[in-house]
Amino acid sequence: MTEEEFAEFYRRSVHRLTGQLYVMTGDFHEAQDVVQEAFVRAWGHRRRLERDLGPDAWVRTVAWRLAVSRWRRLVRGRHAWERRADPVTSGGPDPGTVDIERALRDMPPRQRQCAALFYVCDLTVEQIAAETRLATGTVKTHLSRARAKLAGSLDPPPGAARVPGAAAPRSPSGEDQR
């Protein structure tokens, strides 16, 4: 099949095959996707299309097999999701988390990285320095600036009292800030 013949075959067959696959799958968008993919594969097999059952049958068969494969992957994915160990769903983030995320996004990348490694990953200044290949003094500077930025972004409203028993923020040297 020449390129011109293939183009003509595509032009006269694509809508009919899409309709047939729509009836077979019950999903118009899925039918469009698998028919297009089947035509892409048919392009590589142009010389064989005439010898087999005919080009329409070849594309329809490939499209159907693609649809079945997608369906099987979808079903396996759903089953895997249902079998997962954590059936508990979580609610949305609390407002404080959203404020922290916004404040972290406003920081320069190195400050954000150092703050995350220190406060979230619980690494020491020396471990952060080794991981980021920064001097320990530079890490301490980034942490200090990150804390100042967070304190400015997350200050409680005026008149709000500190919650008794709440942990005080750690300094970059690991000391309690109270």
# chains A, B, ... in the order shown; residues from 1 in each chain; ligands from 1
$ residues_around --residues "Gln111 in chain A" --least-positions-apart "3" --cutoff "8 Å" --atoms "only C-alpha atoms" --output "ChimeraX atom specification"
/A:107-108,114-115,142-143,145-146
$ write_last_selection --atoms "C-alpha atoms" --output "compact mmCIF listing (two decimals), in the first residue's frame"
# COMPACT_ATOMS: atom_id res chain seq x y z
CA MET A 107 11.61 31.55 50.14
CA PRO A 108 14.64 31.34 47.88
CA CYS A 114 17.88 23.91 54.16
CA ALA A 115 14.72 24.57 56.18
CA HIS A 142 20.21 29.93 55.26
CA LEU A 143 18.44 28.44 58.28
CA ARG A 145 17.08 33.62 57.22
CA ALA A 146 14.48 30.91 56.61
$ residues_around --residues "range 10-21 of chain A" --least-positions-apart "6" --cutoff "9 Å" --atoms "only C-alpha atoms" --output "ChimeraX atom specification"
/A:27-28,30-36,39,56,59-60,63-64,67
$ closest_residue --among "A:Arg72, A:Arg102, A:Ala42, A:Thr132" --to "Trp58 in chain A" --atoms "only C-alpha atoms"
A:Ala42
$ closest_residue --among "A:Cys121, A:Ala38, A:Arg110, A:His29" --to "Thr141 in chain A" --atoms "only C-alpha atoms"
A:Arg110
$ residues_around --residues "Thr136 in chain A" --least-positions-apart "5" --cutoff "8 Å" --atoms "only C-alpha atoms" --output "VMD selection string"
chain A and resid 125 to 126 128 to 129
$ atom_distance --atom1 "CA of Arg41 in chain A" --atom2 "CA of Met1 in chain A"
14.0 Å
$ closest_residue --among "A:Phe9, A:Arg84, A:Pro109, A:Val139" --to "Gly54 in chain A" --atoms "only C-alpha atoms"
A:Phe9
$ atom_distance --atom1 "CA of Arg48 in chain A" --atom2 "CA of Gly26 in chain A"
29.5 Å
$ decode --residues "range 96-130 of chain A" --atoms "C-alpha atoms" --output "short mmCIF file (atom, residue, chain, number, x, y, z; two decimals), in the first residue's frame"
data_model
loop_
_atom_site.label_atom_id
_atom_site.label_comp_id
_atom_site.auth_asym_id
_atom_site.auth_seq_id
_atom_site.Cartn_x
_atom_site.Cartn_y
_atom_site.Cartn_z
CA GLY A 96 -1.80 26.28 59.16
CA THR A 97 -0.34 23.81 56.69
CA VAL A 98 -1.48 25.95 53.79
CA ASP A 99 0.17 28.99 55.40
CA ILE A 100 3.43 27.10 55.87
CA GLU A 101 3.40 25.88 52.27
CA ARG A 102 2.82 29.42 51.02
CA ALA A 103 5.61 30.78 53.22
CA LEU A 104 8.00 28.08 52.02
CA ARG A 105 7.18 28.80 48.37
CA ASP A 106 8.10 32.46 48.95
CA MET A 107 11.61 31.55 50.14
CA PRO A 108 14.64 31.34 47.88
CA PRO A 109 15.35 27.70 46.88
CA ARG A 110 18.45 27.21 49.09
CA GLN A 111 16.70 28.55 52.18
CA ARG A 112 13.69 26.35 51.48
CA GLN A 113 15.93 23.32 50.96
CA CYS A 114 17.88 23.91 54.16
CA ALA A 115 14.72 24.57 56.18
CA ALA A 116 13.06 21.42 54.87
CA LEU A 117 16.12 19.28 55.56
CA PHE A 118 16.45 20.71 59.08
CA TYR A 119 12.84 20.93 60.24
CA VAL A 120 11.13 18.23 58.21
CA CYS A 121 13.88 15.66 57.63
CA ASP A 122 15.42 16.37 61.06
CA LEU A 123 18.99 16.51 59.74
CA THR A 124 21.77 18.23 61.62
CA VAL A 125 23.54 21.27 60.22
CA GLU A 126 26.54 19.08 59.42
CA GLN A 127 24.39 16.53 57.59
CA ILE A 128 22.73 19.31 55.59
CA ALA A 129 26.12 20.75 54.71
CA ALA A 130 27.31 17.36 53.49
#
